[in-house]
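Asks: My structure is in work14.txt, and what it holds is compact mmCIF, C-alpha atoms:
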```txt
# COMPACT_ATOMS: atom_id res chain seq x y z
CA MET A 1 55.00 131.82 145.10
CA ALA A 2 55.67 133.41 141.71
CA ILE A 3 54.08 130.46 139.87
CA ALA A 4 50.96 130.69 142.06
CA LEU A 5 50.75 134.43 141.35
CA PHE A 6 51.00 133.94 137.59
CA LEU A 7 48.33 131.21 137.69
CA ALA A 8 46.06 133.50 139.68
CA LEU A 9 46.57 136.29 137.16
CA THR A 10 45.64 133.88 134.36
CA LEU A 11 42.47 132.78 136.11
CA ILE A 12 41.23 136.35 136.61
CA GLY A 13 41.66 137.10 132.92
CA THR A 14 44.94 139.02 132.81
CA PRO A 15 46.09 139.43 129.18
CA LEU A 16 48.48 136.66 128.21
CA PHE A 17 51.12 139.06 126.86
CA ALA A 18 51.30 140.73 130.29
CA ILE A 19 51.73 137.38 132.02
CA VAL A 20 54.44 136.24 129.59
CA GLY A 21 56.23 139.58 129.90
CA ALA A 22 56.07 139.41 133.69
CA ILE A 23 57.46 135.86 133.67
CA ALA A 24 60.35 136.99 131.45
CA LEU A 25 61.13 139.95 133.71
CA GLN A 26 60.97 137.75 136.82
CA LEU A 27 63.30 135.14 135.31
CA PHE A 28 65.85 137.74 134.20
CA HIS A 29 65.67 139.38 137.61
CA GLY A 30 66.28 136.04 139.31
CA ALA A 31 69.30 135.46 137.06
CA GLU A 32 70.57 138.96 137.91
CA ILE A 33 70.34 140.05 134.27
CA SER A 34 69.08 143.50 133.30
CA PRO A 35 65.39 143.51 132.25
CA ALA A 36 66.56 145.50 129.22
CA ALA A 37 67.08 142.07 127.60
CA VAL A 38 63.31 141.89 127.11
CA ILE A 39 63.15 145.37 125.60
CA VAL A 40 66.01 144.55 123.22
CA GLU A 41 63.95 141.73 121.75
CA MET A 42 61.02 144.09 121.19
CA GLN A 43 63.31 146.48 119.33
CA ARG A 44 64.65 143.60 117.23
CA LEU A 45 61.09 142.60 116.38
CA ALA A 46 60.35 146.07 115.06
CA SER A 47 63.29 145.84 112.66
CA LEU A 48 62.16 142.62 110.94
CA PRO A 49 61.42 143.42 107.25
CA ALA A 50 58.72 140.74 106.98
CA LEU A 51 56.75 142.19 109.90
CA ILE A 52 54.88 144.64 107.66
CA ALA A 53 53.00 141.70 106.12
CA VAL A 54 51.08 141.15 109.37
CA PRO A 55 49.09 144.44 109.55
CA LEU A 56 48.56 144.55 105.77
CA PHE A 57 47.17 141.03 105.43
CA THR A 58 45.07 141.53 108.55
CA PHE A 59 43.53 144.76 107.25
CA ALA A 60 42.77 143.15 103.88
CA GLY A 61 41.16 140.17 105.65
CA TYR A 62 38.94 142.42 107.75
CA MET A 63 37.79 144.31 104.65
CA LEU A 64 36.81 141.02 102.98
CA ALA A 65 35.00 139.86 106.12
CA GLU A 66 32.95 143.06 106.40
CA SER A 67 32.03 143.17 102.70
CA LYS A 68 29.62 140.91 100.82
CA ALA A 69 32.51 138.78 99.58
CA PRO A 70 31.38 135.72 101.62
CA GLN A 71 28.00 135.64 99.85
CA ARG A 72 29.54 136.08 96.40
CA LEU A 73 32.18 133.45 97.08
CA LEU A 74 29.66 130.88 98.31
CA ALA A 75 27.36 131.51 95.34
CA LEU A 76 30.26 130.98 92.93
CA VAL A 77 31.52 127.70 94.40
CA GLN A 78 27.94 126.44 94.69
CA ALA A 79 27.41 127.13 91.00
CA LEU A 80 30.65 125.27 90.23
CA PHE A 81 30.19 122.19 92.43
CA GLY A 82 26.44 122.02 93.13
CA SER A 83 25.74 119.58 90.30
CA LEU A 84 28.17 117.00 91.74
CA GLN A 85 27.23 114.36 94.29
CA GLY A 86 28.00 116.05 97.58
CA GLY A 87 28.74 119.20 95.62
CA VAL A 88 27.03 121.64 97.97
CA ALA A 89 29.08 120.35 100.91
CA ILE A 90 32.25 120.52 98.80
CA ALA A 91 31.30 124.09 97.88
CA GLY A 92 31.08 124.89 101.58
CA LEU A 93 34.50 123.32 102.19
CA VAL A 94 36.18 125.30 99.45
CA ALA A 95 34.46 128.56 100.36
CA CYS A 96 35.44 128.27 104.03
CA ALA A 97 39.04 127.34 103.21
CA LEU A 98 39.48 130.28 100.83
CA PHE A 99 37.81 132.72 103.18
CA THR A 100 39.88 131.63 106.18
CA ALA A 101 43.09 131.83 104.14
CA PHE A 102 42.46 135.47 103.33
CA THR A 103 40.98 136.57 106.66
CA GLY A 104 43.44 134.56 108.78
CA ALA A 105 40.87 133.63 111.43
CA SER A 106 38.63 130.57 111.63
CA GLY A 107 36.25 132.33 113.99
CA VAL A 108 35.46 134.95 111.39
CA THR A 109 34.67 132.22 108.86
CA ILE A 110 32.29 130.39 111.20
CA VAL A 111 30.43 133.61 111.95
CA ALA A 112 30.46 135.03 108.40
CA LEU A 113 29.86 131.88 106.34
CA GLY A 114 28.30 129.58 108.92
CA GLY A 115 24.99 131.41 108.81
CA LEU A 116 24.91 130.92 105.03
CA ILE A 117 26.17 127.34 104.77
CA TYR A 118 24.21 125.79 107.66
CA PRO A 119 20.68 126.43 106.29
CA LEU A 120 21.87 125.63 102.75
CA LEU A 121 23.17 122.18 103.69
CA ARG A 122 20.19 121.40 105.91
CA SER A 123 17.76 122.35 103.14
CA GLN A 124 19.60 119.96 100.81
CA GLY A 125 19.04 117.08 103.23
CA TYR A 126 22.42 116.79 104.95
CA PRO A 127 22.18 115.53 108.57
CA GLU A 128 22.51 118.13 111.31
CA ARG A 129 25.56 116.45 112.87
CA PHE A 130 27.39 116.35 109.54
CA THR A 131 26.52 119.98 108.82
CA LEU A 132 27.71 121.20 112.21
CA GLY A 133 30.87 119.09 111.98
CA LEU A 134 31.69 120.37 108.51
CA ILE A 135 31.30 124.05 109.41
CA THR A 136 33.23 123.64 112.67
CA THR A 137 36.06 121.78 110.94
CA THR A 138 36.39 123.84 107.79
CA GLY A 139 36.53 127.06 109.79
CA SER A 140 40.26 126.42 110.24
CA LEU A 141 41.14 124.60 106.98
CA GLY A 142 42.33 127.77 105.27
CA LEU A 143 45.08 128.31 107.85
CA LEU A 144 47.33 126.14 105.64
CA PHE A 145 46.90 128.27 102.52
CA PRO A 146 48.63 131.57 101.69
CA PRO A 147 48.37 134.30 102.76
CA SER A 148 47.39 132.76 106.12
CA LEU A 149 48.50 134.96 109.03
CA PRO A 150 49.57 132.03 111.29
CA ILE A 151 52.00 130.87 108.56
CA ILE A 152 53.60 134.31 108.48
CA LEU A 153 53.81 134.45 112.27
CA TYR A 154 55.37 130.99 112.49
CA ALA A 155 57.94 131.94 109.85
CA LEU A 156 58.90 135.03 111.85
CA VAL A 157 59.21 133.16 115.15
CA GLY A 158 60.71 129.95 113.74
CA LYS A 159 63.12 131.86 111.47
CA VAL A 160 62.19 130.06 108.27
CA SER A 161 61.37 131.43 104.83
CA ILE A 162 57.76 132.65 104.55
CA ASP A 163 57.70 131.68 100.87
CA LYS A 164 58.92 128.13 101.62
CA LEU A 165 56.40 127.71 104.42
CA PHE A 166 53.59 128.90 102.15
CA GLY A 167 54.65 126.26 99.64
CA SER A 168 55.09 123.48 102.18
CA CYS A 169 51.62 123.97 103.70
CA ALA A 170 49.72 124.18 100.40
CA LEU A 171 49.82 120.48 99.39
CA PRO A 172 48.86 119.13 102.85
CA GLY A 173 46.02 121.67 102.88
CA ALA A 174 44.82 120.44 99.49
CA ILE A 175 45.02 116.84 100.74
CA LEU A 176 42.79 117.73 103.71
CA ILE A 177 40.20 119.29 101.42
CA ALA A 178 40.33 116.28 99.07
CA ILE A 179 39.84 113.77 101.92
CA LEU A 180 36.98 115.74 103.44
CA SER A 181 35.39 116.12 99.99
CA VAL A 182 35.41 112.32 99.61
CA TYR A 183 33.78 112.04 103.03
CA ALA A 184 31.13 114.58 101.96
CA VAL A 185 30.37 112.54 98.84
CA ILE A 186 29.96 109.36 100.95
CA VAL A 187 27.55 111.12 103.32
CA ALA A 188 25.58 112.60 100.42
CA ARG A 189 25.16 109.19 98.80
CA ARG A 190 24.22 107.53 102.09
CA HIS A 191 21.48 110.08 102.74
CA ARG A 192 20.50 110.44 99.07
CA VAL A 193 21.09 114.16 99.03
CA PRO A 194 19.90 115.62 95.70
CA THR A 195 22.21 117.55 93.43
CA ILE A 196 21.58 121.02 92.02
CA PRO A 197 21.22 120.93 88.23
CA PHE A 198 24.08 122.71 86.53
CA SER A 199 23.15 126.05 85.05
CA ALA A 200 25.52 127.82 82.72
CA ARG A 201 23.46 130.96 83.19
CA GLY A 202 23.69 130.66 86.99
CA LEU A 203 27.44 130.09 86.84
CA ALA A 204 27.89 133.07 84.54
CA ALA A 205 25.83 135.26 86.88
CA ALA A 206 27.83 134.16 89.93
CA ALA A 207 31.08 134.70 88.03
CA ARG A 208 30.01 138.19 86.98
CA ALA A 209 29.05 139.05 90.55
CA ALA A 210 32.47 137.94 91.84
CA ALA A 211 34.42 139.04 88.76
CA TRP A 212 36.71 141.33 90.74
CA GLU A 213 37.32 138.86 93.56
CA ILE A 214 38.01 135.78 91.44
CA PRO A 215 41.51 137.00 90.42
CA LEU A 216 42.57 137.61 94.04
CA PRO A 217 43.84 134.09 94.94
CA PHE A 218 45.53 133.73 91.55
CA LEU A 219 47.13 137.16 91.91
CA ILE A 220 48.47 136.59 95.43
CA ILE A 221 49.28 132.88 95.40
CA GLY A 222 50.42 132.85 91.78
CA GLY A 223 52.55 135.94 92.35
CA ILE A 224 54.32 134.37 95.32
CA TYR A 225 54.94 130.97 93.71
CA SER A 226 56.00 132.43 90.37
CA GLY A 227 58.53 134.69 92.06
CA ALA A 228 56.86 137.86 90.82
CA PHE A 229 56.89 139.21 94.36
CA THR A 230 57.71 138.07 97.88
CA ALA A 231 55.16 137.30 100.58
CA THR A 232 55.77 140.74 102.10
CA GLU A 233 55.18 142.45 98.77
CA ALA A 234 52.09 140.28 98.25
CA ALA A 235 50.65 141.79 101.42
CA SER A 236 50.85 145.27 99.91
CA VAL A 237 49.35 144.08 96.62
CA MET A 238 46.48 142.34 98.35
CA CYS A 239 45.76 145.27 100.65
CA VAL A 240 45.55 147.78 97.80
CA TYR A 241 43.57 145.43 95.55
CA VAL A 242 40.98 144.55 98.21
CA LEU A 243 40.64 148.21 99.23
CA VAL A 244 39.95 149.31 95.65
CA VAL A 245 37.57 146.42 94.90
CA GLU A 246 35.48 146.49 98.10
CA ALA A 247 35.41 150.26 98.65
CA PHE A 248 35.31 151.64 95.09
CA VAL A 249 34.11 148.85 92.77
CA TYR A 250 31.51 146.99 94.84
CA ARG A 251 31.13 149.81 97.37
CA ASP A 252 30.36 147.28 100.12
CA ILE A 253 32.44 149.34 102.51
CA ALA A 254 31.74 153.06 102.65
CA LEU A 255 34.73 155.37 102.86
CA LYS A 256 33.45 156.69 106.18
CA ASP A 257 33.58 153.13 107.57
CA LEU A 258 37.19 152.45 106.55
CA PRO A 259 38.76 154.04 109.65
CA GLY A 260 36.65 151.75 111.84
CA VAL A 261 37.76 148.69 109.86
CA MET A 262 41.37 149.81 110.19
CA VAL A 263 41.05 150.25 113.95
CA ARG A 264 39.41 146.85 114.48
CA SER A 265 42.01 145.06 112.37
CA GLN A 266 44.97 146.78 114.00
CA ILE A 267 43.68 146.02 117.51
CA LEU A 268 44.29 142.38 116.61
CA VAL A 269 47.70 143.24 115.15
CA GLY A 270 48.63 145.17 118.28
CA ALA A 271 47.71 142.20 120.45
CA ILE A 272 49.81 139.88 118.26
CA LEU A 273 52.83 142.21 118.33
CA MET A 274 52.67 142.71 122.10
CA MET A 275 52.45 138.96 122.59
CA LEU A 276 55.27 138.37 120.13
CA GLY A 277 57.58 140.94 121.73
CA CYS A 278 57.06 139.59 125.25
CA ALA A 279 57.43 135.98 124.08
CA LEU A 280 60.70 136.76 122.30
CA GLY A 281 62.00 138.25 125.54
CA LEU A 282 61.08 135.01 127.34
CA THR A 283 62.72 133.04 124.52
CA ASN A 284 65.91 135.00 125.08
CA TYR A 285 66.03 133.76 128.66
CA LEU A 286 65.22 130.16 127.68
CA ILE A 287 68.13 130.15 125.23
CA ASP A 288 70.53 131.69 127.76
CA ALA A 289 69.46 129.08 130.31
CA GLU A 290 69.95 126.31 127.69
CA ILE A 291 66.39 125.08 128.23
CA PRO A 292 66.04 123.58 124.69
CA ALA A 293 69.30 121.62 125.12
CA LYS A 294 68.15 120.31 128.50
CA LEU A 295 64.76 119.44 127.02
CA PHE A 296 66.47 117.54 124.19
CA ASP A 297 68.58 115.58 126.68
CA LEU A 298 65.43 114.68 128.62
CA VAL A 299 63.44 113.67 125.56
CA SER A 300 66.27 111.85 123.76
CA SER A 301 66.94 109.72 126.85
CA ARG A 302 63.47 108.22 126.41
CA PHE A 303 62.75 108.66 122.68
CA HIS A 304 65.71 107.80 120.47
CA ALA A 305 64.26 107.70 116.94
CA PRO A 306 62.87 110.73 115.08
CA TRP A 307 59.56 108.92 114.45
CA GLN A 308 59.09 108.49 118.19
CA PHE A 309 59.77 112.17 118.78
CA LEU A 310 57.23 113.09 116.07
CA ILE A 311 54.52 111.06 117.82
CA LEU A 312 55.29 112.86 121.08
CA LEU A 313 55.34 116.20 119.26
CA ASN A 314 51.94 115.63 117.62
CA VAL A 315 50.34 114.67 120.94
CA PHE A 316 51.89 117.70 122.63
CA LEU A 317 50.76 120.10 119.91
CA LEU A 318 47.19 118.80 119.98
CA VAL A 319 47.13 119.56 123.70
CA VAL A 320 48.49 123.05 122.96
CA ASN A 321 45.13 123.87 121.37
CA MET A 322 44.19 125.04 124.87
CA ILE A 323 46.30 128.12 124.01
CA GLU A 324 45.06 130.58 121.38
CA ILE A 325 46.90 129.86 118.11
CA PHE A 326 49.00 133.04 117.93
CA SER A 327 50.04 132.67 121.56
CA ALA A 328 50.86 129.00 121.00
CA ILE A 329 53.15 129.89 118.11
CA VAL A 330 55.16 132.54 119.92
CA ILE A 331 55.44 130.55 123.16
CA VAL A 332 56.02 127.00 121.95
CA VAL A 333 57.92 127.35 118.65
CA PRO A 334 61.19 128.72 120.13
CA ILE A 335 61.30 125.76 122.51
CA ILE A 336 60.58 122.89 120.11
CA VAL A 337 62.50 124.09 117.03
CA PRO A 338 66.01 123.52 118.50
CA VAL A 339 64.93 120.11 119.82
CA ALA A 340 63.47 119.04 116.46
CA LEU A 341 66.59 120.19 114.60
CA ARG A 342 68.74 117.93 116.77
CA TYR A 343 66.53 115.03 115.70
CA GLY A 344 67.25 115.95 112.08
CA ILE A 345 63.75 117.18 111.24
CA ASP A 346 63.59 119.72 108.43
CA PRO A 347 62.52 123.12 109.87
CA VAL A 348 60.06 123.74 107.02
CA HIS A 349 58.48 120.31 107.51
CA LEU A 350 58.30 121.02 111.24
CA GLY A 351 56.47 124.28 110.54
CA THR A 352 53.88 122.45 108.44
CA LEU A 353 53.32 119.87 111.19
CA PHE A 354 53.01 122.58 113.83
CA LEU A 355 50.38 124.51 111.86
CA LEU A 356 48.49 121.36 110.90
CA ASN A 357 48.35 120.28 114.54
CA LEU A 358 47.09 123.65 115.67
CA GLU A 359 44.50 123.61 112.91
CA ILE A 360 43.22 120.25 114.19
CA GLY A 361 43.50 121.58 117.72
CA TYR A 362 40.87 124.20 116.90
CA MET A 363 38.28 121.41 116.81
CA THR A 364 39.75 119.02 119.40
CA PRO A 365 37.51 118.38 122.45
CA PRO A 366 37.10 119.57 125.08
CA LEU A 367 38.67 123.02 124.58
CA GLY A 368 38.86 123.48 120.80
CA LEU A 369 37.99 127.09 120.01
CA ASN A 370 35.92 126.28 116.91
CA ILE A 371 33.65 124.02 118.96
CA PHE A 372 32.81 126.86 121.34
CA LEU A 373 32.29 129.30 118.47
CA SER A 374 29.94 126.93 116.65
CA SER A 375 28.05 126.24 119.86
CA ARG A 376 27.47 129.98 120.31
CA ARG A 377 26.82 130.69 116.63
CA PHE A 378 24.19 127.95 116.15
CA ASP A 379 22.95 127.78 119.75
CA LYS A 380 23.75 124.07 120.04
CA PRO A 381 24.95 122.18 123.15
CA LEU A 382 28.66 121.37 123.38
CA GLY A 383 27.89 117.64 123.63
CA LEU A 384 26.29 117.72 120.19
CA LEU A 385 29.28 119.58 118.76
CA TYR A 386 31.72 117.07 120.28
CA GLY A 387 29.93 114.19 118.58
CA SER A 388 29.50 116.09 115.32
CA THR A 389 33.18 116.90 114.95
CA LEU A 390 34.50 113.46 115.95
CA PRO A 391 34.35 111.86 112.43
CA PHE A 392 36.05 114.93 110.91
CA TRP A 393 38.65 114.90 113.68
CA LEU A 394 39.51 111.26 112.96
CA VAL A 395 39.82 111.98 109.24
CA LEU A 396 42.17 114.90 109.90
CA LEU A 397 44.26 112.80 112.29
CA ALA A 398 44.76 110.25 109.50
CA ALA A 399 45.90 113.06 107.20
CA LEU A 400 48.23 114.33 109.93
CA ALA A 401 49.86 110.88 110.15
CA LEU A 402 50.45 110.90 106.38
CA VAL A 403 52.07 114.34 106.42
CA THR A 404 54.12 113.51 109.52
CA TYR A 405 55.79 110.42 108.13
CA ILE A 406 55.91 111.35 104.44
CA PRO A 407 57.92 114.61 104.55
CA ALA A 408 57.80 114.86 100.75
CA LEU A 409 54.16 115.91 101.03
CA SER A 410 55.27 119.18 102.61
CA LEU A 411 58.73 119.58 101.04
CA TRP A 412 57.97 118.67 97.42
CA LEU A 413 56.38 121.96 96.34
CA PRO A 414 58.94 124.41 97.77
CA THR A 415 61.75 122.21 96.41
CA THR A 416 60.19 121.92 92.96
CA LEU A 417 59.48 125.64 92.72
CA ASN A 418 62.89 126.44 94.22
CA LEU A 419 61.30 128.93 96.61
CA PRO A 420 63.76 131.20 98.44
```
So, in terms of C-alpha cells, how does the structure I just supplied come out?

Replies:
Amino acid sequence: MAIALFLALTLIGTPLFAIVGAIALQLFHGAEISPAAVIVEMQRLASLPALIAVPLFTFAGYMLAESKAPQRLLALVQALFGSLQGGVAIAGLVACALFTAFTGASGVTIVALGGLIYPLLRSQGYPERFTLGLITTTGSLGLLFPPSLPIILYALVGKVSIDKLFGSCALPGAILIAILSVYAVIVARRHRVPTIPFSARGLAAAARAAAWEIPLPFLIIGGIYSGAFTATEAASVMCVYVLVVEAFVYRDIALKDLPGVMVRSQILVGAILMMLGCALGLTNYLIDAEIPAKLFDLVSSRFHAPWQFLILLNVFLLVVNMIEIFSAIVIVVPIIVPVALRYGIDPVHLGTLFLLNLEIGYMTPPLGLNIFLSSRRFDKPLGLLYGSTLPFWLVLLAALALVTYIPALSLWLPTTLNLP
C-alpha cells in the first residue's frame, strides 16, 4: 500500500525530496525508531564545512550564464581553433565544456550556447545530425571539470576529498574532449568543411574582449591544484571575481538585477539541500538495516570478480539517468559506495566512474535529459535526436570502458599532485 502511494505521488509530480523524506519517515516508523533520526541528518548536513561551496559556485555560475560570457568565450575559442580542420566543432566542444564546468548545469549550456553554436556549425557545412549530436553531448562534458557542482555534491555524499575528486575527474574529462575532437576532425574531412583563416588581429580582439574572463579557469583550477586554496575557498574566490567582472567591469549584469540572480540561483541550491537532507535521513535507515551489506551478499554471490561488478555498476548507473543527476547522487551513492569498497574499488576512482556514467546518462535514449532539452531548444523530433547522439554515445562508452578498467587514468593526477 505504501509503495503504491509513493508511486502515485511520483506520477502526479510530487517533489522528489518530499517523496524521499516520506519514505524515510515511513521506514523509521515501521522500525519503531523516532523520526528525529531524519532531522538529525539534516542538522549534520548543515554543519559540513564544505557545504558553503554549493551556493557560492551556483551563484557564480548563474552570473556567468546571464552575462555575455558565452558569446565572448565562443568567439575566443573559435579564433584559437577555427583555422584547424574541424576547428569550429572543436571550439564548440571546448566552449561547452568550460561553460558547463563553471555553471554546473548542462541544460544551461544547451540553452545559452546552443543557439550560438548550431547556426555557426551549420553555416560551416557540418551535417545537421552531427551538429545536434555535438551540442547535445557536449552540454554535459564539463561536469567532469572543476568547479563542477555534481563533483562537490558527490564528494559530500560519498565522503571523499573534493580536491582529490576534482583531480581524478580532470584527466578522463580531457580524454573525452580529445576523442570527440578526433571524431570532429574526421567528420570535417569527410564533408570537406572549410577552415577559417587564422587572424592574429581577430584573436587579439577576442582575447581583449574576454581579457577578464580568461584568467578565471587558471585562477580557480590552478589555485586548487597548486594548493593555494581548497575547493571551498575557491568557491569564495570565484564568486567574488565573477561578481566584480560581470557587474562592475563588463556591466553585463546591472546591480538592480543581482538580487534576482541570487534568488534564482539559491532556489536551485535550496532544492539540492532539501533533497540532500531527506536522502541522508533515508541513508541512515539503510545503514541501520544493513541494506548495503545485504546487497553485497546478493551481488557477490553472482559476481565474484571486481571487473564483473564494474560492468554491472556501469549498466546500473546508465539506467539511473532516469533520475535527475543531483537526486541520483544523493539516493544511489550511499548504497553503492559500501558495496564497491568491499570489492576493493578505490572510492575516488568510483566517484569518477559514477560521474562519468551520469554524464553519459544525460544523452542516453530514451530518457536522457539533454535529448529532451535539445529537442525543445531546436524544435527537432526526438527520433532525430536519438539518431544524432548515437555515434557520440558509442564514443563515450568506449572512453568509459577505458577509465573503468585503467584506474590510473583517474588516480594518476591526484596521486602525482598529492592532493589532500

Asks: CA of Cys169 in chain A and CA of Thr138 in chain A, how far apart in Å?

Replies: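 CA of Thr138 in chain A sits 15.8 Å away from CA of Cys169 in chain A.
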
Asks: Which one is closest to Glu213 in chain A: A:Leu243, A:Val40, A:Leu382, A:Leu273? Count all atoms listed in the file.

Replies: A:Leu243

Asks: Which distance in Å separates CA of Glu66 in chain A and CA of Glu246 in chain A, to one decimal?

Replies: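 Separation of CA of Glu66 in chain A and CA of Glu246 in chain A: 9.3 Å.
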
Asks: Please provide as a list in words all residues within 10 Å of Thr230 in chain A, with the sequence filter that same-chain residues fewer than 5 positions apart are discarded (counting all atoms listed in the file).

Replies: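 Final neighbour list, sorted by chain and number: Ala50, Ile162, Asp163, Ile220, Gly223, Ile224, Tyr225, Ala235, Leu419 and Pro420 of chain A.
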
Asks: Skipping near chain neighbours, those fewer than 5 positions away, what residues fall within 6 Å of range 140-153 of chain A using only C-alpha atoms, listed as a ChimeraX atom specification?

Replies: /A:97-98,100-101,104,106,162,166,169-170,173,359

Asks: Output range 71-87 of chain A with N, CA and C atoms present, as a PDB file, keeping the file's coordinate frame.

Replies:
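Printed below is result07.pdb as written:
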```pdb
ATOM      1  N   GLN A  71      29.173 136.059 100.626  1.00  0.00           N
ATOM      2  CA  GLN A  71      28.000 135.640  99.850  1.00  0.00           C
ATOM      3  C   GLN A  71      28.357 135.387  98.393  1.00  0.00           C
ATOM      4  N   ARG A  72      29.165 136.260  97.812  1.00  0.00           N
ATOM      5  CA  ARG A  72      29.540 136.080  96.400  1.00  0.00           C
ATOM      6  C   ARG A  72      30.409 134.838  96.225  1.00  0.00           C
ATOM      7  N   LEU A  73      31.303 134.613  97.167  1.00  0.00           N
ATOM      8  CA  LEU A  73      32.180 133.450  97.080  1.00  0.00           C
ATOM      9  C   LEU A  73      31.382 132.155  97.178  1.00  0.00           C
ATOM     10  N   LEU A  74      30.466 132.083  98.142  1.00  0.00           N
ATOM     11  CA  LEU A  74      29.660 130.880  98.310  1.00  0.00           C
ATOM     12  C   LEU A  74      28.781 130.623  97.087  1.00  0.00           C
ATOM     13  N   ALA A  75      28.193 131.670  96.532  1.00  0.00           N
ATOM     14  CA  ALA A  75      27.360 131.510  95.340  1.00  0.00           C
ATOM     15  C   ALA A  75      28.172 130.971  94.164  1.00  0.00           C
ATOM     16  N   LEU A  76      29.410 131.424  94.030  1.00  0.00           N
ATOM     17  CA  LEU A  76      30.260 130.980  92.930  1.00  0.00           C
ATOM     18  C   LEU A  76      30.631 129.507  93.070  1.00  0.00           C
ATOM     19  N   VAL A  77      31.105 129.097  94.243  1.00  0.00           N
ATOM     20  CA  VAL A  77      31.520 127.700  94.400  1.00  0.00           C
ATOM     21  C   VAL A  77      30.311 126.766  94.378  1.00  0.00           C
ATOM     22  N   GLN A  78      29.154 127.257  94.798  1.00  0.00           N
ATOM     23  CA  GLN A  78      27.940 126.440  94.690  1.00  0.00           C
ATOM     24  C   GLN A  78      27.570 126.228  93.235  1.00  0.00           C
ATOM     25  N   ALA A  79      27.696 127.262  92.426  1.00  0.00           N
ATOM     26  CA  ALA A  79      27.410 127.130  91.000  1.00  0.00           C
ATOM     27  C   ALA A  79      28.388 126.179  90.316  1.00  0.00           C
ATOM     28  N   LEU A  80      29.627 126.145  90.811  1.00  0.00           N
ATOM     29  CA  LEU A  80      30.650 125.270  90.230  1.00  0.00           C
ATOM     30  C   LEU A  80      30.470 123.818  90.629  1.00  0.00           C
ATOM     31  N   PHE A  81      30.185 123.556  91.919  1.00  0.00           N
ATOM     32  CA  PHE A  81      30.190 122.190  92.430  1.00  0.00           C
ATOM     33  C   PHE A  81      28.810 121.636  92.751  1.00  0.00           C
ATOM     34  N   GLY A  82      27.768 122.457  92.696  1.00  0.00           N
ATOM     35  CA  GLY A  82      26.440 122.020  93.130  1.00  0.00           C
ATOM     36  C   GLY A  82      25.876 120.854  92.357  1.00  0.00           C
ATOM     37  N   SER A  83      26.289 120.663  91.111  1.00  0.00           N
ATOM     38  CA  SER A  83      25.740 119.580  90.300  1.00  0.00           C
ATOM     39  C   SER A  83      26.410 118.240  90.581  1.00  0.00           C
ATOM     40  N   LEU A  84      27.484 118.230  91.384  1.00  0.00           N
ATOM     41  CA  LEU A  84      28.170 117.000  91.740  1.00  0.00           C
ATOM     42  C   LEU A  84      27.527 116.349  92.952  1.00  0.00           C
ATOM     43  N   GLN A  85      27.700 115.029  93.081  1.00  0.00           N
ATOM     44  CA  GLN A  85      27.230 114.360  94.290  1.00  0.00           C
ATOM     45  C   GLN A  85      28.018 114.894  95.472  1.00  0.00           C
ATOM     46  N   GLY A  86      27.326 115.421  96.449  1.00  0.00           N
ATOM     47  CA  GLY A  86      28.000 116.050  97.580  1.00  0.00           C
ATOM     48  C   GLY A  86      28.560 117.414  97.244  1.00  0.00           C
ATOM     49  N   GLY A  87      28.154 117.961  96.118  1.00  0.00           N
ATOM     50  CA  GLY A  87      28.740 119.200  95.620  1.00  0.00           C
ATOM     51  C   GLY A  87      28.504 120.407  96.513  1.00  0.00           C
TER      52      GLY A  87
END
```
